[in-house]
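Below: the structure, in structure tokens.
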Amino acid sequence: MQVTINGESRPLTSAMTLENLLTDLGVDPGKVAVERNLEIVPKSTYSEVQVDDGDKLEIVHFIGGGSPEGDDSFEVAGMKFNSRLLVGTGKYKDFEETKIAIEASGAEIVTVAVRRVNVSDPTQPMLVDYVDPKKYTYLPNTAGCFDADSAVRTLRLAREAGGWDLVKLEVLGDQKTLYPNMTETLVAAELLIKEGFKVMVYCSDDPIMAKTLEDMGCVAIMPLGSLIGSGLGIINPVNIRLIKENASVPVLVDAGVGTASDAAFAMELGCDGVLMNTAIAGAKDPIKMAKAMKLAIESGRLAYQAGRMPKKQYADPSSPLAGLI
């Protein structure tokens with residue numbers, strides 16, 4: 001018979017108990033926890049539970065610090081996340097592609113727009129049928145809102161629909177640039193914070209405005225890298241760095257990322273994360289791009305932590321000059 005252990009398919013020559021299986025694997029039953037078909041198996045029953053054909057087993061143990069690199073989790077509004085990549089759920093060809101791309105990205109937070117239910121055909125598939133809100137943190141946003149009133153109304157509906165109070169606020173200025181209208185953003189942020197929302201806010205790359213939003217009580221500042229959906233990358237890295245240096249809440253680049261190098265650059269600036277949608281959904285192969293973005297976020301973060309070498313005016317040889325023949 002065949003079973004799956006920690007994601008790998010393995011043949012078993014005969015039926016056996018879970019305890020026998022662990023012993024055959026050379027694993028001390030007293031030092032591990034086992035999940036069988038998504039259910040935790042109590043240690044006291046290892047000698048009784050029979051492993052059946054097709055079973056999926058997860059065998060885990062504790063390691064120091066939670067990972068070989070230590071704990072480098074991302075925290076916003078008191079919630080911890082392992083992935084610093086946040087992704088949108090729009091522009092994919094269908095919900096199935098959305099699901100696969102999100103899985104490939106490793107993201108734990110997904111932005112979702114609030115739209116009317118198709119009451120003429122309520123059997124139409126919905127995002128929640130493919131992207132489980134129990135597995136991912138849904139981040140309702142106000143995409144398409146051009147004034148404070150519509151943004152606030154949208155997020156009130158979102159909270160009623162799903163109970164979410166962690167939200168992404170964006171109030172746009174015009175259809176052509178989708179640049180944030182900061183006057184309306186300030187009005188909406190103030191109202192939402194008073195109503196108990198935890199506001200992550202899309203904003204211009206203005207360090208003074210960013211600090212104002214933080215002082216109001218926004219839980220994360222999200223300056224644009226460049227225009228939404230443009231793929232132009234980080235066009236003003238100096239201001240992004242200034243915003244990060246002056247902030248005591250997470251700073252995430254939001255909008256404008258086009259490829260993996262843009263995401264890595266944002267992380268090398270010290271940003272806490274990056275939110276993107278079109279860069280993945282608009283790629284020729286969204287699944288491959290999702291994987292690329294995952295790796296880019298991780299490598300950019302490591303490069304920032306490592307600290308880059310200083311730039312120099314002239315060459316500096318890698319090999320010593322002493323002892324040349």
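Numbering starts fresh at 1 for the residues of each chain in the structure tokens, the chains themselves are lettered A, B, ... in the order given, and ligands are numbered from 1 as they appear.
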Open item on the list: I'd like the neighbourhood of Cys203 (chain A) as a ChimeraX atom specification, where a residue qualifies if any of its atoms comes within 7 Å (using only C-alpha atoms), though same-chain residues fewer than 3 positions away should be ignored.
Closed with: /A:180,182,222-224
Dump all heavy atoms for the selected residues as a PDB file, in the first residue's frame?
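File produced: result_18.pdb:
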```pdb
ATOM      1  N   PRO A 180      -3.031  58.025  -5.118  1.00  0.00           N
ATOM      2  CA  PRO A 180      -3.883  58.224  -3.944  1.00  0.00           C
ATOM      3  C   PRO A 180      -4.302  59.684  -3.749  1.00  0.00           C
ATOM      4  O   PRO A 180      -3.494  60.596  -3.908  1.00  0.00           O
ATOM      5  CB  PRO A 180      -2.996  57.744  -2.786  1.00  0.00           C
ATOM      6  CG  PRO A 180      -1.594  57.857  -3.285  1.00  0.00           C
ATOM      7  CD  PRO A 180      -1.672  57.573  -4.749  1.00  0.00           C
ATOM      8  N   MET A 182      -4.810  61.985  -1.116  1.00  0.00           N
ATOM      9  CA  MET A 182      -4.424  61.977   0.292  1.00  0.00           C
ATOM     10  C   MET A 182      -5.387  62.763   1.177  1.00  0.00           C
ATOM     11  O   MET A 182      -5.553  62.450   2.356  1.00  0.00           O
ATOM     12  CB  MET A 182      -2.994  62.489   0.448  1.00  0.00           C
ATOM     13  CG  MET A 182      -1.941  61.575  -0.186  1.00  0.00           C
ATOM     14  SD  MET A 182      -2.156  59.811   0.239  1.00  0.00           S
ATOM     15  CE  MET A 182      -2.070  59.871   2.021  1.00  0.00           C
ATOM     16  N   MET A 222       1.699  52.094   3.546  1.00  0.00           N
ATOM     17  CA  MET A 222       1.923  51.384   2.295  1.00  0.00           C
ATOM     18  C   MET A 222       2.134  52.376   1.150  1.00  0.00           C
ATOM     19  O   MET A 222       1.239  52.607   0.334  1.00  0.00           O
ATOM     20  CB  MET A 222       0.745  50.449   2.014  1.00  0.00           C
ATOM     21  CG  MET A 222       0.433  49.518   3.179  1.00  0.00           C
ATOM     22  SD  MET A 222      -0.995  48.448   2.939  1.00  0.00           S
ATOM     23  CE  MET A 222      -0.309  47.245   1.801  1.00  0.00           C
ATOM     24  N   PRO A 223       3.318  52.975   1.081  1.00  0.00           N
ATOM     25  CA  PRO A 223       3.583  53.931  -0.001  1.00  0.00           C
ATOM     26  C   PRO A 223       3.708  53.224  -1.348  1.00  0.00           C
ATOM     27  O   PRO A 223       4.207  52.099  -1.429  1.00  0.00           O
ATOM     28  CB  PRO A 223       4.917  54.554   0.412  1.00  0.00           C
ATOM     29  CG  PRO A 223       5.588  53.497   1.230  1.00  0.00           C
ATOM     30  CD  PRO A 223       4.479  52.798   1.966  1.00  0.00           C
ATOM     31  N   LEU A 224       3.270  53.888  -2.403  1.00  0.00           N
ATOM     32  CA  LEU A 224       3.375  53.298  -3.727  1.00  0.00           C
ATOM     33  C   LEU A 224       4.827  53.288  -4.198  1.00  0.00           C
ATOM     34  O   LEU A 224       5.586  54.215  -3.938  1.00  0.00           O
ATOM     35  CB  LEU A 224       2.495  54.028  -4.732  1.00  0.00           C
ATOM     36  CG  LEU A 224       2.938  55.385  -5.296  1.00  0.00           C
ATOM     37  CD1 LEU A 224       2.051  55.757  -6.472  1.00  0.00           C
ATOM     38  CD2 LEU A 224       2.935  56.493  -4.259  1.00  0.00           C
TER      39      LEU A 224
END
```
TODO: Fewer than 4 positions away in the same chain doesn't count, so skip those; otherwise give me all residues within 9 Å of region 130-137 of chain A, counting only C-alpha atoms, as a PyMOL selection string.
DONE: chain A and resi 95-96+98-99+102+107-111+125-126
- [ ] To one decimal in Å, tell me the separation between CA of Leu252 (chain A) and CA of Asp272 (chain A).
- [x]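 Atom-to-atom, CA of Leu252 (chain A) and CA of Asp272 (chain A) are spaced 5.5 Å apart.
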TODO: Skip Val112 (chain A) itself and residues of its chain fewer than 6 positions away, then list as number ranges by chain all residues within 9 Å of it, counting only C-alpha atoms.
DONE: A: 88-90, 127, 138-143
Residues of region 77-147 of chain A in strand (DSSP E) according to DSSP, as a short mmCIF file (atom, residue, chain, number, x, y, z; two decimals) with N, CA, C and O atoms, in the first residue's frame?
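Now in selection23.cif:
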```cif
data_model
loop_
_atom_site.label_atom_id
_atom_site.label_comp_id
_atom_site.auth_asym_id
_atom_site.auth_seq_id
_atom_site.Cartn_x
_atom_site.Cartn_y
_atom_site.Cartn_z
N MET A 79 -0.65 40.61 14.77
CA MET A 79 -0.71 39.31 14.10
C MET A 79 0.62 39.02 13.43
O MET A 79 1.21 39.90 12.81
N LYS A 80 1.11 37.78 13.59
CA LYS A 80 2.39 37.39 13.02
C LYS A 80 2.21 36.57 11.75
O LYS A 80 1.34 35.72 11.67
N PHE A 81 3.09 36.86 10.77
CA PHE A 81 3.06 36.14 9.50
C PHE A 81 4.49 35.77 9.12
O PHE A 81 5.42 36.54 9.34
N LEU A 85 5.39 38.62 1.73
CA LEU A 85 4.76 38.90 0.44
C LEU A 85 3.25 38.86 0.60
O LEU A 85 2.69 37.86 1.06
N LEU A 86 2.60 39.95 0.24
CA LEU A 86 1.14 40.04 0.25
C LEU A 86 0.69 40.11 -1.20
O LEU A 86 1.31 40.80 -2.02
N VAL A 87 -0.37 39.40 -1.54
CA VAL A 87 -0.79 39.35 -2.94
C VAL A 87 -2.26 39.68 -3.09
O VAL A 87 -3.08 39.42 -2.21
N GLY A 88 -2.57 40.25 -4.26
CA GLY A 88 -3.95 40.52 -4.61
C GLY A 88 -4.57 39.31 -5.29
O GLY A 88 -3.88 38.35 -5.65
N ILE A 109 -1.32 36.64 3.48
CA ILE A 109 -2.31 37.71 3.44
C ILE A 109 -2.70 37.96 1.99
O ILE A 109 -1.83 38.14 1.13
N VAL A 110 -4.00 37.98 1.71
CA VAL A 110 -4.47 38.25 0.36
C VAL A 110 -5.48 39.39 0.40
O VAL A 110 -6.36 39.43 1.26
N THR A 111 -5.32 40.33 -0.51
CA THR A 111 -6.28 41.42 -0.57
C THR A 111 -7.49 40.99 -1.38
O THR A 111 -7.37 40.27 -2.38
N VAL A 112 -8.66 41.44 -0.96
CA VAL A 112 -9.90 41.10 -1.66
C VAL A 112 -10.74 42.35 -1.82
O VAL A 112 -10.84 43.18 -0.91
N ALA A 113 -11.31 42.51 -2.99
CA ALA A 113 -12.20 43.63 -3.25
C ALA A 113 -13.61 43.24 -2.83
O ALA A 113 -13.96 42.06 -2.80
N THR A 137 -5.30 35.05 5.54
CA THR A 137 -5.89 36.24 6.14
C THR A 137 -6.41 37.13 5.02
O THR A 137 -5.63 37.63 4.20
N TYR A 138 -7.72 37.27 4.97
CA TYR A 138 -8.32 38.16 3.98
C TYR A 138 -8.11 39.61 4.42
O TYR A 138 -8.36 39.97 5.57
N LEU A 139 -7.68 40.44 3.47
CA LEU A 139 -7.48 41.86 3.73
C LEU A 139 -8.40 42.63 2.79
O LEU A 139 -8.03 42.93 1.65
N PRO A 140 -9.62 42.94 3.23
CA PRO A 140 -10.54 43.70 2.37
C PRO A 140 -9.94 45.05 2.02
O PRO A 140 -9.36 45.72 2.88
N ASN A 141 -10.09 45.45 0.76
CA ASN A 141 -9.58 46.76 0.37
C ASN A 141 -10.69 47.59 -0.27
O ASN A 141 -11.81 47.12 -0.46
#
```
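With only C-alpha atoms as the atoms that count, the residue of A:Lys284, A:Leu191, A:Leu186, A:Gly54 with the shortest distance to Thr212 (chain A) is A:Leu186.
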Open item on the list: Ranking A:Arg36, A:Lys56, A:Lys31, A:Lys294 by minimum distance to Ser9 (chain A) and counting only C-alpha atoms, which one comes first?
Closed with: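 Selected residue with least distance to Ser9 (chain A): A:Lys56.
Put simply, CA of Ser83 (chain A) is 29.3 Å away from CA of Lys194 (chain A).
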- [ ] as a ChimeraX atom specification, please: all residues of region 157-248 of chain A that backbone DSSP puts in helix (DSSP H, G or I).
- [x] /A:157-162,182-194,207-216,237-246
Selection file, N, CA and C atoms, as a tab-separated table (two decimals), in the first residue's frame:
```
chain	number	residue	atom	x	y	z
A	157	LEU	N	-19.22	47.28	5.09
A	157	LEU	CA	-19.85	46.08	4.52
A	157	LEU	C	-18.94	44.87	4.63
A	158	ALA	N	-17.65	45.10	4.41
A	158	ALA	CA	-16.69	44.00	4.51
A	158	ALA	C	-16.66	43.42	5.91
A	159	ARG	N	-16.69	44.28	6.90
A	159	ARG	CA	-16.67	43.80	8.28
A	159	ARG	C	-17.95	43.03	8.60
A	160	GLU	N	-19.04	43.48	8.07
A	160	GLU	CA	-20.31	42.78	8.30
A	160	GLU	C	-20.31	41.42	7.62
A	161	ALA	N	-19.70	41.36	6.41
A	161	ALA	CA	-19.71	40.11	5.64
A	161	ALA	C	-18.81	39.06	6.25
A	162	GLY	N	-17.64	39.47	6.72
A	162	GLY	CA	-16.68	38.47	7.18
A	162	GLY	C	-16.11	38.69	8.56
A	182	MET	N	-4.81	61.98	-1.12
A	182	MET	CA	-4.42	61.98	0.29
A	182	MET	C	-5.39	62.76	1.18
A	183	THR	N	-6.04	63.76	0.64
A	183	THR	CA	-7.02	64.52	1.43
A	183	THR	C	-8.17	63.60	1.86
A	184	GLU	N	-8.72	62.86	0.90
A	184	GLU	CA	-9.81	61.93	1.20
A	184	GLU	C	-9.31	60.73	2.02
A	185	THR	N	-8.08	60.33	1.79
A	185	THR	CA	-7.51	59.23	2.56
A	185	THR	C	-7.44	59.57	4.04
A	186	LEU	N	-7.02	60.77	4.36
A	186	LEU	CA	-6.94	61.20	5.76
A	186	LEU	C	-8.32	61.20	6.41
A	187	VAL	N	-9.33	61.67	5.69
A	187	VAL	CA	-10.70	61.70	6.23
A	187	VAL	C	-11.19	60.28	6.51
A	188	ALA	N	-10.99	59.40	5.53
A	188	ALA	CA	-11.46	58.02	5.68
A	188	ALA	C	-10.71	57.30	6.80
A	189	ALA	N	-9.40	57.49	6.88
A	189	ALA	CA	-8.61	56.83	7.91
A	189	ALA	C	-9.08	57.23	9.30
A	190	GLU	N	-9.34	58.51	9.48
A	190	GLU	CA	-9.78	58.98	10.80
A	190	GLU	C	-11.10	58.34	11.20
A	191	LEU	N	-12.05	58.27	10.27
A	191	LEU	CA	-13.35	57.67	10.57
A	191	LEU	C	-13.22	56.18	10.89
A	192	LEU	N	-12.45	55.47	10.08
A	192	LEU	CA	-12.31	54.03	10.26
A	192	LEU	C	-11.62	53.68	11.57
A	193	ILE	N	-10.59	54.43	11.91
A	193	ILE	CA	-9.88	54.18	13.17
A	193	ILE	C	-10.80	54.41	14.37
A	194	LYS	N	-11.62	55.43	14.29
A	194	LYS	CA	-12.58	55.70	15.37
A	194	LYS	C	-13.58	54.56	15.53
A	207	PRO	N	7.14	61.34	3.00
A	207	PRO	CA	7.47	60.96	4.39
A	207	PRO	C	6.65	61.70	5.44
A	208	ILE	N	6.29	62.96	5.16
A	208	ILE	CA	5.50	63.73	6.14
A	208	ILE	C	4.08	63.18	6.21
A	209	MET	N	3.51	62.90	5.06
A	209	MET	CA	2.14	62.34	5.04
A	209	MET	C	2.12	60.96	5.68
A	210	ALA	N	3.15	60.17	5.41
A	210	ALA	CA	3.22	58.84	5.99
A	210	ALA	C	3.26	58.90	7.51
A	211	LYS	N	4.05	59.83	8.04
A	211	LYS	CA	4.13	59.97	9.50
A	211	LYS	C	2.81	60.46	10.08
A	212	THR	N	2.12	61.32	9.36
A	212	THR	CA	0.80	61.80	9.81
A	212	THR	C	-0.18	60.63	9.94
A	213	LEU	N	-0.18	59.75	8.96
A	213	LEU	CA	-1.07	58.59	8.98
A	213	LEU	C	-0.72	57.65	10.14
A	214	GLU	N	0.56	57.47	10.39
A	214	GLU	CA	0.96	56.63	11.52
A	214	GLU	C	0.51	57.25	12.84
A	215	ASP	N	0.71	58.56	12.98
A	215	ASP	CA	0.32	59.25	14.22
A	215	ASP	C	-1.19	59.19	14.43
A	216	MET	N	-1.96	59.10	13.37
A	216	MET	CA	-3.41	58.99	13.49
A	216	MET	C	-3.82	57.63	14.06
A	237	PRO	N	13.25	55.55	-4.49
A	237	PRO	CA	13.76	54.79	-3.35
A	237	PRO	C	14.19	55.66	-2.18
A	238	VAL	N	14.59	56.89	-2.44
A	238	VAL	CA	15.02	57.77	-1.34
A	238	VAL	C	13.87	58.03	-0.39
A	239	ASN	N	12.70	58.35	-0.95
A	239	ASN	CA	11.55	58.63	-0.09
A	239	ASN	C	11.06	57.38	0.63
A	240	ILE	N	11.10	56.24	-0.05
A	240	ILE	CA	10.70	54.98	0.60
A	240	ILE	C	11.59	54.71	1.80
A	241	ARG	N	12.90	54.92	1.62
A	241	ARG	CA	13.83	54.69	2.73
A	241	ARG	C	13.56	55.67	3.88
A	242	LEU	N	13.27	56.93	3.55
A	242	LEU	CA	12.98	57.92	4.60
A	242	LEU	C	11.71	57.54	5.37
A	243	ILE	N	10.69	57.07	4.65
A	243	ILE	CA	9.45	56.66	5.31
A	243	ILE	C	9.74	55.52	6.28
A	244	LYS	N	10.54	54.54	5.84
A	244	LYS	CA	10.87	53.40	6.69
A	244	LYS	C	11.68	53.84	7.90
A	245	GLU	N	12.64	54.72	7.72
A	245	GLU	CA	13.49	55.17	8.83
A	245	GLU	C	12.70	55.91	9.90
A	246	ASN	N	11.63	56.58	9.51
A	246	ASN	CA	10.86	57.39	10.46
A	246	ASN	C	9.66	56.67	11.05
```
TODO: Quick one: everything within 12 Å of Gly30 (chain A), counting only C-alpha atoms, minus sequence neighbours fewer than 5 positions away in the same chain. Send it as a list in words.
DONE: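 Within the cut-off, the hits are Glu19, Leu22, Thr23, Pro42, Lys43, Ser44, Thr45, Tyr46, Ile59, Val60 and His61 of chain A.
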Open item on the list: Nearest residue to Arg156 (chain A) out of A:Phe197, A:Tyr202, A:Arg10, A:Leu295, using only C-alpha atoms?
Closed with: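 Between A:Phe197, A:Tyr202, A:Arg10, A:Leu295, the residue approaching Arg156 (chain A) most closely is A:Phe197.
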TODO: Find the residues near Val257 (chain A): any atom within 8 Å, counting only C-alpha atoms, skip ones fewer than 5 places away on the same chain, and give them as number ranges by chain.
DONE: A: 225-226, 229-234, 262-263, 276, 279
Output all heavy atoms for every residue in that selection, as an mmCIF file, in the first residue's frame.
```cif
data_model
loop_
_atom_site.group_PDB
_atom_site.id
_atom_site.type_symbol
_atom_site.label_atom_id
_atom_site.label_comp_id
_atom_site.auth_asym_id
_atom_site.auth_seq_id
_atom_site.Cartn_x
_atom_site.Cartn_y
_atom_site.Cartn_z
ATOM 1 N N GLY A 225 5.203 52.194 -4.874
ATOM 2 C CA GLY A 225 6.508 52.155 -5.517
ATOM 3 C C GLY A 225 6.458 52.951 -6.810
ATOM 4 O O GLY A 225 7.371 53.693 -7.152
ATOM 5 N N SER A 226 5.364 52.782 -7.538
ATOM 6 C CA SER A 226 5.012 53.573 -8.715
ATOM 7 C C SER A 226 3.525 53.331 -8.960
ATOM 8 O O SER A 226 2.859 52.709 -8.124
ATOM 9 C CB SER A 226 5.882 53.190 -9.928
ATOM 10 O OG SER A 226 5.854 51.795 -10.160
ATOM 11 N N GLY A 229 -0.371 48.931 -11.143
ATOM 12 C CA GLY A 229 -0.430 48.176 -12.383
ATOM 13 C C GLY A 229 0.550 48.608 -13.457
ATOM 14 O O GLY A 229 0.520 48.091 -14.569
ATOM 15 N N SER A 230 1.457 49.551 -13.145
ATOM 16 C CA SER A 230 2.366 50.084 -14.166
ATOM 17 C C SER A 230 3.585 49.204 -14.395
ATOM 18 O O SER A 230 4.169 49.202 -15.480
ATOM 19 C CB SER A 230 2.825 51.489 -13.774
ATOM 20 O OG SER A 230 3.685 51.440 -12.628
ATOM 21 N N GLY A 231 4.046 48.492 -13.368
ATOM 22 C CA GLY A 231 5.255 47.696 -13.492
ATOM 23 C C GLY A 231 6.521 48.515 -13.622
ATOM 24 O O GLY A 231 7.560 48.013 -14.053
ATOM 25 N N LEU A 232 6.466 49.787 -13.211
ATOM 26 C CA LEU A 232 7.628 50.670 -13.341
ATOM 27 C C LEU A 232 8.667 50.467 -12.244
ATOM 28 O O LEU A 232 9.765 51.019 -12.312
ATOM 29 C CB LEU A 232 7.168 52.139 -13.339
ATOM 30 C CG LEU A 232 6.367 52.587 -14.563
ATOM 31 C CD1 LEU A 232 5.812 53.988 -14.357
ATOM 32 C CD2 LEU A 232 7.238 52.533 -15.809
ATOM 33 N N GLY A 233 8.328 49.681 -11.224
ATOM 34 C CA GLY A 233 9.282 49.435 -10.147
ATOM 35 C C GLY A 233 9.313 50.558 -9.118
ATOM 36 O O GLY A 233 8.379 51.355 -9.016
ATOM 37 N N ILE A 234 10.394 50.610 -8.346
ATOM 38 C CA ILE A 234 10.527 51.618 -7.282
ATOM 39 C C ILE A 234 11.148 52.868 -7.886
ATOM 40 O O ILE A 234 12.359 52.928 -8.148
ATOM 41 C CB ILE A 234 11.426 51.097 -6.134
ATOM 42 C CG1 ILE A 234 11.017 49.678 -5.736
ATOM 43 C CG2 ILE A 234 11.360 52.056 -4.951
ATOM 44 C CD1 ILE A 234 9.622 49.526 -5.231
ATOM 45 N N ASP A 262 12.440 44.096 -8.663
ATOM 46 C CA ASP A 262 11.767 45.210 -7.987
ATOM 47 C C ASP A 262 11.406 44.832 -6.548
ATOM 48 O O ASP A 262 11.567 45.623 -5.624
ATOM 49 C CB ASP A 262 10.489 45.610 -8.728
ATOM 50 C CG ASP A 262 10.745 46.086 -10.151
ATOM 51 O OD1 ASP A 262 11.836 46.640 -10.394
ATOM 52 O OD2 ASP A 262 9.852 45.908 -10.994
ATOM 53 N N ALA A 263 10.904 43.614 -6.392
ATOM 54 C CA ALA A 263 10.527 43.143 -5.055
ATOM 55 C C ALA A 263 11.746 43.025 -4.160
ATOM 56 O O ALA A 263 11.724 43.431 -2.990
ATOM 57 C CB ALA A 263 9.814 41.797 -5.163
ATOM 58 N N MET A 276 1.574 43.033 -4.015
ATOM 59 C CA MET A 276 1.500 43.099 -5.470
ATOM 60 C C MET A 276 0.337 42.263 -5.978
ATOM 61 O O MET A 276 -0.135 41.346 -5.316
ATOM 62 C CB MET A 276 2.811 42.593 -6.085
ATOM 63 C CG MET A 276 3.088 41.115 -5.817
ATOM 64 S SD MET A 276 4.671 40.549 -6.468
ATOM 65 C CE MET A 276 5.832 41.307 -5.335
ATOM 66 N N ALA A 279 1.823 42.257 -11.098
ATOM 67 C CA ALA A 279 3.141 41.697 -11.403
ATOM 68 C C ALA A 279 3.084 40.172 -11.523
ATOM 69 O O ALA A 279 3.828 39.578 -12.304
ATOM 70 C CB ALA A 279 4.150 42.095 -10.332
#
```
Open item on the list: Just to confirm, what's the straight-line distance from CA of Asp129 (chain A) to CA of Met293 (chain A) in Å (one decimal)?
Closed with: 24.7 Å
- [ ] Rank nothing, just name the residue among A:Ile297, A:Cys145, A:Met309, A:Met1 nearest to Leu275 (chain A), using only C-alpha atoms.
- [x] A:Ile297
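Nearest residue to Val201 (chain A), choosing from A:Val253, A:Glu268, A:Lys91, A:Thr154 and counting only C-alpha atoms: A:Val253.
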